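**Q** One file: model-v4.txt (compact mmCIF, C-alpha atoms and all ligand atoms).
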# COMPACT_ATOMS: atom_id res chain seq x y z
CA MET E 1430 -4.77 19.33 15.15
CA LYS E 1431 -3.23 17.19 12.40
CA LYS E 1432 -1.24 18.90 9.66
CA ALA E 1433 -1.51 17.78 6.04
CA PHE E 1434 0.51 18.92 3.05
CA ILE E 1435 -0.99 18.52 -0.43
CA THR E 1436 1.10 18.92 -3.58
CA GLY E 1437 -1.13 19.89 -6.52
CA VAL E 1438 -3.62 21.57 -4.17
CA THR E 1439 -4.83 23.80 -7.03
CA GLY E 1440 -5.80 20.79 -9.15
CA GLN E 1441 -9.09 18.91 -9.25
CA ASP E 1442 -8.24 16.33 -6.59
CA GLY E 1443 -6.16 18.73 -4.49
CA SER E 1444 -9.13 21.07 -4.11
CA TYR E 1445 -11.59 18.35 -3.11
CA LEU E 1446 -9.05 16.82 -0.74
CA ALA E 1447 -8.32 20.20 0.87
CA GLN E 1448 -12.06 20.67 1.42
CA LEU E 1449 -12.41 17.19 2.94
CA LEU E 1450 -9.45 17.59 5.29
CA LEU E 1451 -10.63 21.02 6.43
CA GLU E 1452 -14.03 19.50 7.23
CA LYS E 1453 -12.21 16.88 9.28
CA GLY E 1454 -10.42 19.58 11.30
CA TYR E 1455 -6.96 19.41 9.72
CA GLU E 1456 -4.56 22.29 9.30
CA VAL E 1457 -4.17 22.13 5.53
CA HIS E 1458 -1.05 23.25 3.67
CA GLY E 1459 -0.63 23.09 -0.08
CA GLY E 1460 1.96 23.74 -2.76
CA VAL E 1461 1.39 26.25 -5.55
CA ARG E 1462 3.67 26.85 -8.49
CA ARG E 1463 5.54 30.09 -9.02
CA ILE E 1464 3.79 31.15 -12.19
CA SER E 1465 2.77 34.60 -13.39
CA GLN E 1466 -0.52 34.33 -11.53
CA VAL E 1467 -1.36 31.70 -8.92
CA GLU E 1468 -4.49 29.91 -10.11
CA THR E 1469 -6.88 29.13 -7.25
CA THR E 1470 -10.10 28.89 -9.29
CA ARG E 1471 -10.94 25.41 -8.03
CA LEU E 1472 -10.22 26.17 -4.38
CA ASP E 1473 -12.31 29.32 -4.85
CA ALA E 1474 -15.18 27.28 -6.33
CA LEU E 1475 -15.24 25.16 -3.17
CA GLY E 1476 -14.90 28.26 -0.96
CA VAL E 1477 -11.75 27.05 0.83
CA THR E 1478 -8.90 29.21 -0.51
CA ALA E 1479 -8.60 31.38 2.60
CA ASP E 1480 -8.39 28.33 4.87
CA VAL E 1481 -5.49 26.66 3.06
CA HIS E 1482 -1.90 27.70 3.87
CA LEU E 1483 -0.36 28.10 0.43
CA HIS E 1484 3.38 27.58 -0.09
CA GLU E 1485 5.38 28.34 -3.19
CA PHE E 1486 6.40 24.89 -4.31
CA ASP E 1487 7.61 23.16 -7.46
CA LEU E 1488 8.32 19.48 -7.88
CA GLY E 1489 11.18 20.43 -10.17
CA GLU E 1490 13.08 22.03 -7.29
CA PRO E 1491 14.50 19.44 -4.85
CA ASN E 1492 15.75 22.03 -2.34
CA LYS E 1493 12.31 23.55 -2.11
CA ILE E 1494 10.74 20.16 -1.46
CA PHE E 1495 13.18 19.62 1.41
CA ARG E 1496 12.71 23.11 2.90
CA THR E 1497 8.92 22.96 2.68
CA ILE E 1498 8.76 19.64 4.51
CA ARG E 1499 11.20 20.97 7.13
CA ASP E 1500 9.08 24.10 7.67
CA VAL E 1501 5.61 22.49 7.70
CA GLU E 1502 6.46 19.19 9.46
CA PRO E 1503 3.34 17.47 8.11
CA ASP E 1504 1.65 14.47 9.75
CA GLU E 1505 0.26 13.45 6.35
CA PHE E 1506 1.66 14.22 2.90
CA TYR E 1507 -0.45 13.76 -0.25
CA ASN E 1508 1.53 13.86 -3.49
CA LEU E 1509 -1.08 14.82 -6.08
CA ALA E 1510 0.96 17.20 -8.26
CA ALA E 1511 1.78 15.93 -11.72
CA GLN E 1512 1.88 16.67 -15.40
CA SER E 1513 -1.40 14.79 -15.45
CA PHE E 1514 -2.45 14.98 -19.11
CA VAL E 1515 -1.59 11.70 -20.84
CA GLY E 1516 -1.89 13.26 -24.30
CA ALA E 1517 0.78 15.88 -23.52
CA SER E 1518 3.24 13.33 -22.19
CA TRP E 1519 4.45 12.36 -25.70
CA GLU E 1520 5.37 16.01 -26.28
CA LEU E 1521 6.93 16.39 -22.81
CA PRO E 1522 8.38 12.94 -22.04
CA VAL E 1523 11.46 14.03 -20.09
CA TYR E 1524 9.61 16.71 -18.14
CA THR E 1525 6.87 14.19 -17.34
CA ALA E 1526 9.47 11.66 -16.15
CA GLU E 1527 11.02 14.28 -13.85
CA VAL E 1528 7.80 15.63 -12.37
CA ASP E 1529 5.67 12.48 -12.23
CA GLY E 1530 8.47 9.99 -11.58
CA VAL E 1531 11.77 11.16 -10.13
CA SER E 1532 10.30 13.87 -7.91
CA VAL E 1533 8.45 11.19 -5.92
CA VAL E 1534 11.74 9.87 -4.57
CA ARG E 1535 12.83 13.41 -3.73
CA ILE E 1536 9.75 13.78 -1.54
CA LEU E 1537 10.12 10.35 0.02
CA ASP E 1538 13.77 10.90 0.80
CA SER E 1539 13.10 14.30 2.37
CA LEU E 1540 10.30 12.79 4.47
CA ARG E 1541 12.60 9.94 5.54
CA THR E 1542 15.19 12.44 6.72
CA LEU E 1543 12.93 15.05 8.28
CA THR E 1544 9.61 13.49 9.32
CA PRO E 1545 9.92 9.69 9.05
CA GLU E 1546 6.61 9.13 10.87
CA CYS E 1547 4.64 11.13 8.29
CA HIS E 1548 1.99 9.15 6.42
CA PHE E 1549 2.54 9.49 2.66
CA TYR E 1550 0.05 9.08 -0.19
CA GLN E 1551 1.17 8.71 -3.82
CA ALA E 1552 -1.25 9.40 -6.69
CA SER E 1553 -0.76 6.27 -8.80
CA THR E 1554 -3.03 5.55 -11.73
CA SER E 1555 -4.85 2.97 -13.81
CA GLU E 1556 -2.76 4.27 -16.75
CA MET E 1557 -0.02 2.02 -15.35
CA PHE E 1558 -2.07 -1.01 -16.49
CA GLY E 1559 -2.07 0.21 -20.10
CA LEU E 1560 -2.24 -2.71 -22.48
CA VAL E 1561 -4.96 -5.04 -21.25
CA GLN E 1562 -3.49 -7.96 -19.25
CA GLU E 1563 -6.48 -8.84 -17.09
CA VAL E 1564 -10.12 -7.75 -16.74
CA PRO E 1565 -10.99 -6.24 -14.32
CA GLN E 1566 -7.68 -4.74 -13.21
CA ARG E 1567 -6.65 -5.07 -9.58
CA GLU E 1568 -3.61 -4.41 -7.38
CA THR E 1569 -1.86 -7.56 -8.62
CA THR E 1570 -2.45 -7.04 -12.36
CA ARG E 1571 0.75 -6.87 -14.40
CA LEU E 1572 1.67 -3.34 -15.46
CA HIS E 1573 2.21 -2.43 -19.11
CA PRO E 1574 2.02 1.38 -19.41
CA ARG E 1575 1.27 2.84 -22.85
CA SER E 1576 2.39 6.47 -22.47
CA PRO E 1577 5.39 8.38 -21.10
CA TYR E 1578 2.96 9.50 -18.37
CA GLY E 1579 2.13 5.89 -17.46
CA VAL E 1580 5.81 4.92 -17.44
CA ALA E 1581 6.72 7.84 -15.14
CA LYS E 1582 3.88 6.92 -12.77
CA VAL E 1583 5.14 3.32 -12.61
CA TYR E 1584 8.41 4.65 -11.20
CA GLY E 1585 6.52 6.74 -8.62
CA HIS E 1586 4.45 3.70 -7.69
CA TYR E 1587 7.37 1.32 -7.20
CA ILE E 1588 9.58 3.82 -5.37
CA THR E 1589 6.72 4.39 -2.92
CA MET E 1590 6.50 0.65 -2.33
CA ASN E 1591 10.29 0.48 -2.07
CA TYR E 1592 10.54 3.18 0.63
CA ARG E 1593 7.80 1.41 2.57
CA GLU E 1594 9.69 -1.89 2.37
CA SER E 1595 13.20 -0.45 2.80
CA PHE E 1596 12.64 2.05 5.58
CA GLY E 1597 9.30 1.04 7.12
CA MET E 1598 7.71 4.30 6.03
CA HIS E 1599 3.91 4.65 6.05
CA ALA E 1600 3.77 5.10 2.28
CA SER E 1601 0.64 4.10 0.32
CA SER E 1602 -0.23 4.24 -3.36
CA GLY E 1603 -3.77 4.74 -4.59
CA ILE E 1604 -4.16 3.20 -8.03
CA LEU E 1605 -7.03 5.43 -9.04
CA PHE E 1606 -9.15 4.92 -12.13
CA ASN E 1607 -10.45 8.01 -13.95
CA HIS E 1608 -12.40 10.36 -11.74
CA GLU E 1609 -14.03 13.55 -12.87
CA SER E 1610 -16.10 16.47 -11.62
CA PRO E 1611 -17.21 19.93 -12.65
CA LEU E 1612 -13.66 20.99 -11.65
CA ARG E 1613 -12.00 18.64 -14.16
CA GLY E 1614 -9.41 20.22 -16.49
CA LYS E 1615 -10.91 21.23 -19.83
CA GLU E 1616 -8.50 19.11 -21.90
CA PHE E 1617 -9.75 15.80 -20.46
CA VAL E 1618 -12.38 14.09 -22.55
CA THR E 1619 -15.33 14.22 -20.12
CA ARG E 1620 -15.04 17.95 -19.47
CA LYS E 1621 -14.30 18.66 -23.13
CA ILE E 1622 -17.58 16.91 -23.94
CA THR E 1623 -19.72 18.56 -21.26
CA LEU E 1624 -18.34 22.03 -21.97
CA GLY E 1625 -18.74 21.61 -25.73
CA LEU E 1626 -22.30 20.34 -25.38
CA ALA E 1627 -23.20 23.14 -22.95
CA ARG E 1628 -22.01 25.70 -25.53
CA ILE E 1629 -24.12 24.01 -28.21
CA ALA E 1630 -27.15 23.92 -25.92
CA HIS E 1631 -26.74 27.69 -25.51
CA GLY E 1632 -26.82 28.16 -29.29
CA GLY E 1633 -23.19 27.50 -30.25
CA SER E 1634 -22.51 25.93 -33.62
CA ASP E 1635 -19.08 24.31 -33.19
CA PRO E 1636 -19.27 20.52 -32.91
CA VAL E 1637 -17.10 18.81 -30.31
CA GLU E 1638 -14.08 17.27 -32.05
CA LEU E 1639 -12.87 14.06 -30.48
CA GLY E 1640 -10.39 11.24 -31.11
CA ASN E 1641 -10.86 7.56 -30.26
CA MET E 1642 -14.58 7.06 -29.51
CA ASP E 1643 -14.19 3.36 -28.67
CA ALA E 1644 -11.85 3.72 -25.69
CA GLN E 1645 -13.52 2.56 -22.48
CA ARG E 1646 -12.96 4.14 -19.08
CA ASP E 1647 -14.06 3.40 -15.53
CA TRP E 1648 -15.26 6.86 -14.50
CA GLY E 1649 -16.14 7.92 -10.96
CA PHE E 1650 -16.64 11.19 -9.09
CA ALA E 1651 -13.51 12.92 -7.70
CA GLY E 1652 -15.26 13.74 -4.41
CA ASP E 1653 -15.65 10.02 -3.69
CA TYR E 1654 -12.02 9.29 -4.59
CA VAL E 1655 -10.39 11.83 -2.24
CA GLU E 1656 -12.28 10.16 0.61
CA GLY E 1657 -10.50 6.91 -0.40
CA MET E 1658 -7.10 8.66 -0.35
CA TRP E 1659 -7.72 9.85 3.19
CA ARG E 1660 -8.84 6.40 4.30
CA MET E 1661 -5.54 4.95 3.04
CA THR E 1662 -3.46 7.28 5.21
CA GLN E 1663 -5.55 6.42 8.30
CA GLN E 1664 -4.68 2.70 8.25
CA ASP E 1665 -2.30 1.17 10.81
CA VAL E 1666 -0.32 -0.39 7.98
CA ALA E 1667 0.34 1.28 4.63
CA ASP E 1668 -0.59 -0.55 1.43
CA ASP E 1669 -1.64 -0.08 -2.21
CA TYR E 1670 -5.28 0.08 -3.25
CA VAL E 1671 -7.29 0.27 -6.46
CA LEU E 1672 -10.15 2.81 -6.39
CA ALA E 1673 -12.67 2.25 -9.19
CA THR E 1674 -16.39 1.87 -9.80
CA GLY E 1675 -16.23 -1.47 -11.64
CA VAL E 1676 -18.28 -0.03 -14.52
CA THR E 1677 -16.72 0.83 -17.87
CA THR E 1678 -18.16 3.15 -20.51
CA THR E 1679 -17.11 4.14 -24.03
CA ILE E 1680 -16.40 7.78 -24.87
CA ARG E 1681 -19.46 7.56 -27.16
CA ASP E 1682 -21.74 6.48 -24.31
CA PHE E 1683 -20.43 9.20 -22.01
CA PHE E 1684 -21.17 11.70 -24.78
CA THR E 1685 -24.71 10.33 -25.05
CA TYR E 1686 -25.29 10.56 -21.26
CA ALA E 1687 -24.13 14.20 -21.23
CA ALA E 1688 -26.23 15.09 -24.29
CA THR E 1689 -29.30 13.43 -22.77
CA ALA E 1690 -28.83 15.47 -19.58
CA LEU E 1691 -29.06 18.61 -21.72
CA GLY E 1692 -32.17 17.37 -23.53
CA MET E 1693 -30.49 16.31 -26.78
CA ASP E 1694 -31.47 13.14 -28.58
CA LEU E 1695 -28.60 12.07 -30.86
CA GLU E 1696 -28.33 10.30 -34.16
CA TRP E 1697 -25.00 8.57 -34.68
CA SER E 1698 -23.56 7.76 -38.07
CA GLY E 1699 -20.31 6.65 -39.67
CA THR E 1700 -17.40 4.86 -38.05
CA GLY E 1701 -13.75 5.61 -37.29
CA GLU E 1702 -12.59 8.91 -38.74
CA GLY E 1703 -16.02 9.42 -40.34
CA GLU E 1704 -18.08 9.09 -37.16
CA THR E 1705 -20.48 11.93 -36.35
CA ALA E 1706 -23.38 12.69 -34.01
CA THR E 1707 -26.28 15.00 -34.87
CA CYS E 1708 -29.01 16.39 -32.65
CA ARG E 1709 -32.29 14.96 -34.02
CA LYS E 1710 -34.39 17.95 -33.00
CA SER E 1711 -32.20 20.83 -34.19
CA GLY E 1712 -30.36 18.93 -36.95
CA LYS E 1713 -27.11 20.39 -35.58
CA LEU E 1714 -23.85 18.48 -35.95
CA VAL E 1715 -22.66 18.07 -32.35
CA MET E 1716 -19.68 15.73 -32.68
CA ARG E 1717 -17.17 14.77 -35.33
CA VAL E 1718 -14.00 12.75 -35.09
CA ASN E 1719 -10.74 14.55 -35.71
CA PRO E 1720 -7.77 12.17 -36.00
CA LYS E 1721 -5.49 14.82 -34.52
CA PHE E 1722 -6.83 13.68 -31.13
CA TYR E 1723 -5.72 10.06 -31.67
CA ARG E 1724 -2.82 9.03 -29.44
CA PRO E 1725 0.41 7.32 -30.58
CA ALA E 1726 -0.50 4.37 -28.30
CA GLU E 1727 -3.89 3.95 -26.70
CA VAL E 1728 -5.22 2.38 -23.50
CA GLU E 1729 -8.36 0.76 -24.90
CA LEU E 1730 -10.06 -0.67 -21.84
CA LEU E 1731 -9.96 0.21 -18.16
CA ILE E 1732 -12.23 -1.37 -15.61
CA GLY E 1733 -11.17 -1.69 -12.01
CA ASP E 1734 -11.81 -4.11 -9.17
CA ALA E 1735 -11.88 -2.15 -5.90
CA THR E 1736 -12.71 -5.16 -3.69
CA LYS E 1737 -9.63 -4.62 -1.50
CA ALA E 1738 -10.54 -0.96 -0.86
CA ARG E 1739 -14.12 -1.94 -0.07
CA GLU E 1740 -13.10 -4.69 2.35
CA LYS E 1741 -10.16 -3.00 4.09
CA LEU E 1742 -11.04 0.69 3.86
CA GLY E 1743 -14.83 0.44 3.74
CA TRP E 1744 -14.65 2.60 0.60
CA VAL E 1745 -17.57 2.53 -1.84
CA PRO E 1746 -18.08 5.05 -4.69
CA LYS E 1747 -21.50 6.74 -4.56
CA VAL E 1748 -21.88 8.47 -7.93
CA SER E 1749 -22.67 6.54 -11.13
CA VAL E 1750 -21.27 7.50 -14.53
CA GLU E 1751 -24.72 8.67 -15.70
CA GLN E 1752 -25.04 10.91 -12.62
CA LEU E 1753 -21.52 12.17 -13.18
CA ALA E 1754 -22.20 13.09 -16.82
CA GLU E 1755 -25.37 14.88 -15.77
CA MET E 1756 -23.63 16.72 -12.89
CA MET E 1757 -20.86 17.95 -15.21
CA ALA E 1758 -23.12 18.85 -18.16
CA LYS E 1759 -25.54 20.81 -15.98
CA SER E 1760 -22.73 22.59 -14.16
CA ASP E 1761 -21.21 23.72 -17.48
CA TYR E 1762 -24.63 24.67 -18.83
CA ASP E 1763 -25.47 26.74 -15.73
CA ALA E 1764 -22.07 28.45 -15.71
CA LEU E 1765 -22.66 29.66 -19.28
CA ALA E 1766 -26.19 30.92 -18.61
P1 LIG E 1801 -4.80 18.15 -12.16
O1 LIG E 1801 -4.12 18.24 -13.47
O2 LIG E 1801 -6.15 18.74 -11.98
O3 LIG E 1801 -3.85 18.82 -11.04
C1 LIG E 1801 -2.46 18.68 -11.10
C2 LIG E 1801 -1.84 19.58 -10.06
O4 LIG E 1801 -0.42 19.42 -10.12
C3 LIG E 1801 -2.11 21.08 -10.27
O5 LIG E 1801 -2.31 21.68 -9.01
C4 LIG E 1801 -0.80 21.58 -10.86
O6 LIG E 1801 -0.53 22.93 -10.58
C5 LIG E 1801 0.19 20.71 -10.12
N1 LIG E 1801 1.50 20.63 -10.77
C6 LIG E 1801 1.75 20.28 -12.04
N2 LIG E 1801 3.09 20.31 -12.26
C7 LIG E 1801 3.67 20.70 -11.09
C8 LIG E 1801 5.01 20.92 -10.68
N3 LIG E 1801 6.03 20.78 -11.52
N4 LIG E 1801 5.25 21.30 -9.40
C9 LIG E 1801 4.22 21.46 -8.54
N5 LIG E 1801 2.92 21.29 -8.87
C10 LIG E 1801 2.66 20.90 -10.13
O7 LIG E 1801 -4.81 16.61 -11.75
P2 LIG E 1801 -5.88 15.77 -10.88
O8 LIG E 1801 -6.27 16.55 -9.72
O9 LIG E 1801 -6.90 15.23 -11.80
O10 LIG E 1801 -5.00 14.52 -10.44
C11 LIG E 1801 -4.26 14.53 -9.23
C12 LIG E 1801 -3.18 13.45 -9.28
O11 LIG E 1801 -3.80 12.18 -9.44
C13 LIG E 1801 -2.20 13.58 -10.45
O12 LIG E 1801 -0.96 13.13 -9.98
C14 LIG E 1801 -2.75 12.63 -11.49
O13 LIG E 1801 -1.71 12.19 -12.33
C15 LIG E 1801 -3.29 11.54 -10.61
N6 LIG E 1801 -4.41 10.77 -11.11
C16 LIG E 1801 -5.54 11.41 -11.54
C17 LIG E 1801 -6.63 10.68 -11.95
C18 LIG E 1801 -7.88 11.34 -12.43
O14 LIG E 1801 -8.69 10.66 -13.07
N7 LIG E 1801 -8.11 12.61 -12.13
C19 LIG E 1801 -6.60 9.20 -11.93
C20 LIG E 1801 -5.37 8.64 -11.42
C21 LIG E 1801 -4.33 9.41 -11.02
P3 LIG E 1801 -1.04 24.14 -11.52
O15 LIG E 1801 -2.40 24.51 -10.98
O16 LIG E 1801 0.00 25.18 -11.29
O17 LIG E 1801 -1.06 23.62 -12.92
P1 LIG E 1802 -6.92 9.60 -19.56
O1 LIG E 1802 -8.04 10.73 -19.69
O2 LIG E 1802 -5.96 9.64 -20.69
O3 LIG E 1802 -7.63 8.32 -19.31
O4 LIG E 1802 -6.12 10.10 -18.27
P2 LIG E 1802 -8.57 11.57 -20.93
O5 LIG E 1802 -9.87 12.12 -20.52
O6 LIG E 1802 -7.54 12.52 -21.44
O7 LIG E 1802 -8.78 10.45 -22.06
C1 LIG E 1802 -9.68 9.37 -21.88
C2 LIG E 1802 -9.87 8.63 -23.18
O8 LIG E 1802 -10.60 9.49 -24.08
C3 LIG E 1802 -10.01 9.38 -25.38
N1 LIG E 1802 -10.32 10.58 -26.16
C4 LIG E 1802 -9.93 11.82 -25.87
N2 LIG E 1802 -9.24 12.30 -24.83
C5 LIG E 1802 -9.02 13.64 -24.78
N3 LIG E 1802 -8.38 14.15 -23.73
N4 LIG E 1802 -9.46 14.48 -25.76
C6 LIG E 1802 -10.16 14.03 -26.85
O9 LIG E 1802 -10.53 14.79 -27.73
C7 LIG E 1802 -10.41 12.63 -26.89
N5 LIG E 1802 -11.08 11.84 -27.77
C8 LIG E 1802 -11.02 10.60 -27.31
C9 LIG E 1802 -8.52 9.22 -25.08
O10 LIG E 1802 -7.84 8.74 -26.23
C10 LIG E 1802 -8.58 8.24 -23.91
O11 LIG E 1802 -8.71 6.94 -24.37
C11 LIG E 1802 -6.79 10.55 -17.11
C12 LIG E 1802 -5.88 11.57 -16.41
O12 LIG E 1802 -6.58 12.14 -15.33
C13 LIG E 1802 -4.64 10.89 -15.86
O13 LIG E 1802 -3.89 11.81 -15.08
C14 LIG E 1802 -5.07 9.70 -14.99
O14 LIG E 1802 -3.94 9.04 -14.52
C15 LIG E 1802 -5.96 8.75 -15.80
O15 LIG E 1802 -7.08 9.47 -16.25
C16 LIG E 1802 -6.45 7.58 -14.96
Go ahead and render the structure in this file as structure tokens.
**A**
Amino acid sequence: MKKAFITGVTGQDGSYLAQLLLEKGYEVHGGVRRISQVETTRLDALGVTADVHLHEFDLGEPNKIFRTIRDVEPDEFYNLAAQSFVGASWELPVYTAEVDGVSVVRILDSLRTLTPECHFYQASTSEMFGLVQEVPQRETTRLHPRSPYGVAKVYGHYITMNYRESFGMHASSGILFNHESPLRGKEFVTRKITLGLARIAHGGSDPVELGNMDAQRDWGFAGDYVEGMWRMTQQDVADDYVLATGVTTTIRDFFTYAATALGMDLEWSGTGEGETATCRKSGKLVMRVNPKFYRPAEVELLIGDATKAREKLGWVPKVSVEQLAEMMAKSDYDALA
């Protein structure tokens, strides 16, 4: 039985990946932070908490990283833990650099010492592309990150490549474009929209307040993306791969898809800070822009080219952005019923 260790197992991707690996017969271990109460809501939602071996683990503690790897001796190591909210990274730039950047080399170096044959996966991101250099973005596109989060992830990405090249380690990076699900954190825009609209559909009167409505993202379903992570670690030779749908959508259009799924027909008016959306039938204001959600520097357009993953890994995303918006909106609506 293969043993996998997942950092960030309590997060969105960690939970779906734990479920996938359990289905494939793995012994699954995961790291949880020492906080006042361990949060396993997502693992609970997928019904897998009891099957995952949970270890107290924090990326900020190098000795713990070393000891955990020594104790578990994993065959595969998935580094998914991160301060993953781009918006918070301007408030927490040094912490984000430590957790999302420097800790990657701590893991790699411990693996090199203790279990050099272990296959390693690093959660890299389309945020590394940042300012648009090429459309669509692929593995070879020049990086120009636009947030402290993106900058920290660039370090994690290159140190993964460097340990592969320096020490022959099986270390892969998945450059994943945005992927969402009903288990997405509530601060991310898709979930903020679906939760806000579900509350309105149940009679709530607070409109959803959003920032930049013109940003475009390539959104897929998290369940599809963890399958791609696993495929990367199964290859004979480690490499870096983009995972994306190849379809980009504005925040406004995602909002419309989610509203439509809940039976709301919207009327849009205004632009920029004055933009609003109203439900035609009820006359309710459902969205207004609040500049407090604007970012100091924005990534305006992300659209990925996953040709390499399709050709070499046989990976193809199955869920469209419209289906995703519907899945998330209905899940939030049902949970509030
Ligand atoms: P989440 O925010 O849902 O999960 C992050 C996980 O990291 C949580 O389990 C969290 O634990 C854990 N964590 C945070 N800080 C620490 C720390 N200091 N030590 C140990 N664990 C920590 O993220 P996602 O599941 O969405 O993303 C997974 C990874 O993929 C992240 O690295 C993210 O940056 C990256 N990524 C995500 C994309 C996406 O669209 N979802 C796209 C591209 C990359 P806790 O539960 O205690 O908070
Ligand atoms: P992102 O996701 O920054 O792409 O990072 P997020 O959902 O936070 O933002 C997407 C876009 O929506 C715009 N936006 C808002 N965003 C939030 N969160 N809240 C708002 O009110 C709002 N209004 C508009 C943002 O400006 C942005 O353009 C996610 C994370 O999962 C990262 O960890 C991951 O690396 C990348 O995706 C790929």
**Q** Would you mind listing what lies within 7 Å of region 1562-1573 of chain E as a list in words, with only C-alpha atoms counted and same-chain residues fewer than 4 positions away left out?
**A** Met1557, Phe1558, Tyr1670, Val1671, Ile1732, Gly1733 and Asp1734 of chain E
**Q** Using all atoms listed in the file, determine which residues fall within 8 Å of ligand LIG 1801 (chain E), then list them as number ranges by chain.
**A** E: 1436-1444, 1460-1464, 1467-1469, 1486-1489, 1508-1514, 1528-1529, 1551-1556, 1582, 1603-1609, 1612-1614, 1648, 1651
**Q** Between E:Lys1615, E:Lys1432, E:Arg1535, E:Lys1453, which one has atoms that come closest to Glu1502 (chain E), using all atoms listed in the file?
**A**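 Once distances to Glu1502 (chain E) are computed over all atoms listed in the file, the minimum belongs to E:Lys1432.
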**Q** Which polymer residues have any atom within 8 Å of an atom of Val1561 (chain E), counting all atoms listed in the file, with same-chain residues fewer than 5 positions away left out, as number ranges by chain?
**A** E: 1573, 1728-1731
**Q** Could you list, as a list in words, every residue within 9 Å of Thr1544 (chain E), counting all atoms listed in the file and ignoring same-chain residues fewer than 6 positions away?
**A**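 With the cut-off at 9 Å, the set is Ile1498, Arg1499, Glu1502, Pro1503 and Asp1504 of chain E.
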**Q** With all atoms listed in the file counted, which protein, DNA or RNA residues have an atom no more than 9 Å from (-13.7, 12.0, -6.5) in the file frame? Please answer as a list in words.
**A**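 Residues with an atom close enough to that point: Gln1441, Asp1442, Tyr1445, Leu1446, His1608, Glu1609, Ser1610, Gly1649, Phe1650, Ala1651, Gly1652, Asp1653, Tyr1654, Val1655, Glu1656, Gly1657 and Pro1746 of chain E.
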**Q** Within 10 Å of Gly1699 (chain E), counting all atoms listed in the file, which residues show up once you throw out same-chain ones fewer than 6 positions away? Write them as a ChimeraX atom specification, please.
**A** /E:1705-1706,1717-1718
**Q** Store the residues picked out above in a file with C-alpha atoms, as a PDB file, in the frame of the given file.
**A**
ATOM      1  CA  THR E1705     -20.480  11.930 -36.350  1.00  0.00           C
ATOM      2  CA  ALA E1706     -23.380  12.690 -34.010  1.00  0.00           C
ATOM      3  CA  ARG E1717     -17.170  14.770 -35.330  1.00  0.00           C
ATOM      4  CA  VAL E1718     -14.000  12.750 -35.090  1.00  0.00           C
TER       5      VAL E1718
END
**Q** Restricting the calculation to all atoms listed in the file, which member of E:Thr1677, E:Ser1465, E:Ser1602, E:Asn1641 is positioned closest to Lys1721 (chain E)?
**A** E:Asn1641
**Q** Would you please work out which residue, of E:Val1618, E:Val1715, E:Val1666, E:Ala1600, is nearest to Ser1634 (chain E) when using only C-alpha atoms?
**A**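 Distance minimum relative to Ser1634 (chain E) lands on E:Val1715.
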**Q** What gap, in Å, lies between atom N4 of ligand LIG 1802 (chain E) and CA of Ala1517 (chain E)?
**A** 10.6 Å
**Q** What separation in Å, quoted to one decimal, exists between CA of Val1523 (chain E) and atom C3 of ligand LIG 1802 (chain E)?
**A**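 If I compute the distance from CA of Val1523 (chain E) to atom C3 of ligand LIG 1802 (chain E), I get 22.6 Å.
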**Q** Copy region 1522-1531 of chain E out of the block into a file, keeping N, CA and C atoms, as a short mmCIF file (atom, residue, chain, number, x, y, z; two decimals), in the first residue's frame.
**A**
data_model
loop_
_atom_site.label_atom_id
_atom_site.label_comp_id
_atom_site.auth_asym_id
_atom_site.auth_seq_id
_atom_site.Cartn_x
_atom_site.Cartn_y
_atom_site.Cartn_z
N PRO E 1522 2.82 40.02 4.06
CA PRO E 1522 3.80 39.67 3.02
C PRO E 1522 4.94 38.78 3.51
N VAL E 1523 5.43 39.03 4.72
CA VAL E 1523 6.57 38.25 5.21
C VAL E 1523 6.11 36.84 5.60
N TYR E 1524 4.96 36.78 6.26
CA TYR E 1524 4.40 35.47 6.64
C TYR E 1524 4.14 34.64 5.37
N THR E 1525 3.57 35.30 4.36
CA THR E 1525 3.26 34.60 3.10
C THR E 1525 4.56 34.10 2.44
N ALA E 1526 5.60 34.92 2.49
CA ALA E 1526 6.89 34.50 1.90
C ALA E 1526 7.42 33.27 2.63
N GLU E 1527 7.31 33.26 3.95
CA GLU E 1527 7.81 32.13 4.75
C GLU E 1527 7.03 30.85 4.44
N VAL E 1528 5.69 30.97 4.51
CA VAL E 1528 4.86 29.77 4.42
C VAL E 1528 4.77 29.26 2.98
N ASP E 1529 4.56 30.18 2.04
CA ASP E 1529 4.33 29.77 0.64
C ASP E 1529 5.63 29.61 -0.14
N GLY E 1530 6.70 30.26 0.34
CA GLY E 1530 7.96 30.22 -0.39
C GLY E 1530 9.02 29.38 0.31
N VAL E 1531 9.58 29.93 1.37
CA VAL E 1531 10.76 29.32 2.01
C VAL E 1531 10.47 27.91 2.54
#
